[in-house]
Amino acid sequence: MPMSSHQMEEAAALLPGLLAQEQELQFLRFTNDDALTLGTRLITLAREMTPYKGITVAITRSGQLLFHHAMQGTTVDNENWIRRKTNTTVRLQHSSYYIGRLLATKNQTEMEQTYRVPTADYACHGGAFPLIIKDVGCVGAIVASGLKQDEDHALVVLAIQEMIAHQLKSQ
């Protein structure tokens, strides 16, 4: 179903803020223990903010799965969304929400036409955020699946913001 011009304008209005998040939310370091801390915080936030919904969380770095948890109420479908969102973020080095909104500005909802990748393996729905190390770049993805796409994205961003603030205080 084609989007209205209003929907495309709304998507375009989000793009600068989403790019700003990616510029701002860069870790100084990211260890395996950091993945455990961040993943656990994501689960805690999900329980606090959406107590009646379950999410699946995965954190990867350089192709290695460092954290994974599927809350009660999730299914294998969430695993597939995690995989597809991760593929998008690692390949394009932007949040999956940014890619989805960028495509929406072109009245597209899938990645096949623009990026020549199969929908079975890539998803342009919010929830995956690039794991960016300052002065290094994107080395993985931090992903949530189970809420609305903007909520998955917001949850991941909040947890990253908290963790980076804690890292900066600890310096």
# chains A, B, ... in the order shown; residues from 1 in each chain; ligands from 1
>>> closest_atom_pairs(of="region 45-65 of chain A", to="region 70-90 of chain A", cutoff="8 Å", atoms="only C-alpha atoms", output="CSV")
residue,atom,partner,partner_atom,distance
A:Lys53,CA,A:Gly73,CA,7.0
A:Gly54,CA,A:Met71,CA,5.1
A:Ile55,CA,A:Met71,CA,5.5
A:Thr56,CA,A:Ala70,CA,4.2
A:Val57,CA,A:Ala70,CA,6.5
A:Ala58,CA,A:Ile82,CA,7.1
>>> residues_around(residues="Cys138 (chain A)", least_positions_apart="3", cutoff="10 Å", atoms="only C-alpha atoms", output="list in words")
Glu22, Gln26, Arg61, Ser62, Thr89, Val90, Arg91, Leu92, Gln93, His94, Phe129, Pro130, Leu131, Ile132, Ile133, Lys134, Asp135 and Ala141 of chain A
>>> select_by_dssp(residues="region 41-96 of chain A", states="strand (DSSP E)", output="ChimeraX atom specification")
/A:56-61,64-70
>>> write_last_selection(atoms="N, CA, C and O atoms", output="PDB file, in the first residue's frame")
ATOM      1  N   THR A  56      12.810 -10.013  22.724  1.00  0.00           N
ATOM      2  CA  THR A  56      14.055 -10.751  22.578  1.00  0.00           C
ATOM      3  C   THR A  56      15.151  -9.717  22.345  1.00  0.00           C
ATOM      4  O   THR A  56      14.939  -8.742  21.627  1.00  0.00           O
ATOM      5  N   VAL A  57      16.293  -9.921  22.970  1.00  0.00           N
ATOM      6  CA  VAL A  57      17.429  -9.010  22.857  1.00  0.00           C
ATOM      7  C   VAL A  57      18.645  -9.805  22.407  1.00  0.00           C
ATOM      8  O   VAL A  57      18.878 -10.919  22.882  1.00  0.00           O
ATOM      9  N   ALA A  58      19.406  -9.228  21.498  1.00  0.00           N
ATOM     10  CA  ALA A  58      20.672  -9.833  21.070  1.00  0.00           C
ATOM     11  C   ALA A  58      21.698  -8.730  20.864  1.00  0.00           C
ATOM     12  O   ALA A  58      21.373  -7.647  20.384  1.00  0.00           O
ATOM     13  N   ILE A  59      22.935  -9.028  21.246  1.00  0.00           N
ATOM     14  CA  ILE A  59      24.047  -8.098  21.036  1.00  0.00           C
ATOM     15  C   ILE A  59      25.173  -8.881  20.368  1.00  0.00           C
ATOM     16  O   ILE A  59      25.606  -9.917  20.884  1.00  0.00           O
ATOM     17  N   THR A  60      25.620  -8.375  19.222  1.00  0.00           N
ATOM     18  CA  THR A  60      26.714  -9.012  18.491  1.00  0.00           C
ATOM     19  C   THR A  60      27.853  -8.016  18.299  1.00  0.00           C
ATOM     20  O   THR A  60      27.630  -6.814  18.206  1.00  0.00           O
ATOM     21  N   ARG A  61      29.058  -8.575  18.258  1.00  0.00           N
ATOM     22  CA  ARG A  61      30.252  -7.777  17.948  1.00  0.00           C
ATOM     23  C   ARG A  61      31.143  -8.628  17.059  1.00  0.00           C
ATOM     24  O   ARG A  61      31.462  -9.766  17.405  1.00  0.00           O
ATOM     25  N   GLN A  64      30.182 -12.192  16.480  1.00  0.00           N
ATOM     26  CA  GLN A  64      30.038 -13.071  17.646  1.00  0.00           C
ATOM     27  C   GLN A  64      28.840 -12.631  18.473  1.00  0.00           C
ATOM     28  O   GLN A  64      28.701 -11.452  18.804  1.00  0.00           O
ATOM     29  N   LEU A  65      27.983 -13.576  18.835  1.00  0.00           N
ATOM     30  CA  LEU A  65      26.848 -13.294  19.700  1.00  0.00           C
ATOM     31  C   LEU A  65      27.355 -13.191  21.136  1.00  0.00           C
ATOM     32  O   LEU A  65      27.836 -14.180  21.709  1.00  0.00           O
ATOM     33  N   LEU A  66      27.262 -11.993  21.717  1.00  0.00           N
ATOM     34  CA  LEU A  66      27.762 -11.763  23.074  1.00  0.00           C
ATOM     35  C   LEU A  66      26.660 -11.845  24.121  1.00  0.00           C
ATOM     36  O   LEU A  66      26.926 -12.154  25.283  1.00  0.00           O
ATOM     37  N   PHE A  67      25.425 -11.538  23.719  1.00  0.00           N
ATOM     38  CA  PHE A  67      24.289 -11.585  24.648  1.00  0.00           C
ATOM     39  C   PHE A  67      23.046 -11.961  23.876  1.00  0.00           C
ATOM     40  O   PHE A  67      22.826 -11.484  22.768  1.00  0.00           O
ATOM     41  N   HIS A  68      22.230 -12.797  24.502  1.00  0.00           N
ATOM     42  CA  HIS A  68      20.938 -13.162  23.917  1.00  0.00           C
ATOM     43  C   HIS A  68      19.991 -13.558  25.041  1.00  0.00           C
ATOM     44  O   HIS A  68      20.367 -14.321  25.929  1.00  0.00           O
ATOM     45  N   HIS A  69      18.789 -13.025  24.990  1.00  0.00           N
ATOM     46  CA  HIS A  69      17.752 -13.431  25.937  1.00  0.00           C
ATOM     47  C   HIS A  69      16.388 -13.252  25.289  1.00  0.00           C
ATOM     48  O   HIS A  69      16.120 -12.216  24.672  1.00  0.00           O
ATOM     49  N   ALA A  70      15.548 -14.259  25.435  1.00  0.00           N
ATOM     50  CA  ALA A  70      14.170 -14.200  24.953  1.00  0.00           C
ATOM     51  C   ALA A  70      13.254 -14.247  26.168  1.00  0.00           C
ATOM     52  O   ALA A  70      13.236 -15.240  26.906  1.00  0.00           O
TER      53      ALA A  70
END
>>> select_by_dssp(residues="chain A", states="alpha helix (DSSP H)", output="ChimeraX atom specification")
/A:5-24,32-49,76-92,96-104,112-115,149-169
>>> residues_around(residues="Gln108 (chain A)", least_positions_apart="3", cutoff="12 Å", atoms="only C-alpha atoms", output="list in words")
Met1, Pro2, Met3, Ser4, Gln7, Met8, Ala11, Ile99, Gly100, Arg101, Leu102, Leu103, Ala104, Thr105, Met111, Glu112, Gln113, Thr114, Tyr115 and Cys124 of chain A
>>> write_last_selection(atoms="C-alpha atoms", output="JSON list (two decimals), in the first residue's frame")
[["chain", "number", "residue", "atom", "x", "y", "z"],
["A", 1, "MET", "CA", 0.00, 0.00, 0.00],
["A", 2, "PRO", "CA", 1.53, 3.35, -1.02],
["A", 3, "MET", "CA", 2.27, 5.89, 1.68],
["A", 4, "SER", "CA", 0.70, 9.30, 1.73],
["A", 7, "GLN", "CA", 3.66, 9.85, 5.96],
["A", 8, "MET", "CA", 6.72, 10.34, 3.76],
["A", 11, "ALA", "CA", 9.59, 9.83, 7.95],
["A", 99, "ILE", "CA", 16.95, 2.61, 7.06],
["A", 100, "GLY", "CA", 13.21, 2.02, 7.27],
["A", 101, "ARG", "CA", 12.43, 5.71, 7.58],
["A", 102, "LEU", "CA", 14.85, 6.52, 4.75],
["A", 103, "LEU", "CA", 13.06, 4.05, 2.50],
["A", 104, "ALA", "CA", 9.70, 5.46, 3.60],
["A", 105, "THR", "CA", 10.75, 8.86, 2.22],
["A", 111, "MET", "CA", 14.95, -3.23, 1.02],
["A", 112, "GLU", "CA", 15.06, -5.36, -2.13],
["A", 113, "GLN", "CA", 14.61, -2.55, -4.65],
["A", 114, "THR", "CA", 17.13, -0.07, -3.23],
["A", 115, "TYR", "CA", 19.73, -2.35, -1.63],
["A", 124, "CYS", "CA", 14.12, -2.25, 7.71]]
>>> closest_residue(among="A:Ser170, A:Tyr98, A:Leu158, A:Asn32", to="Pro16 (chain A)", atoms="only C-alpha atoms")
A:Tyr98
>>> atom_distance(atom1="CA of Tyr52 (chain A)", atom2="CA of Val157 (chain A)")
20.7 Å
>>> atom_distance(atom1="CA of Glu24 (chain A)", atom2="CA of Tyr97 (chain A)")
16.2 Å
>>> atom_distance(atom1="CA of Gly146 (chain A)", atom2="CA of Gly39 (chain A)")
14.8 Å
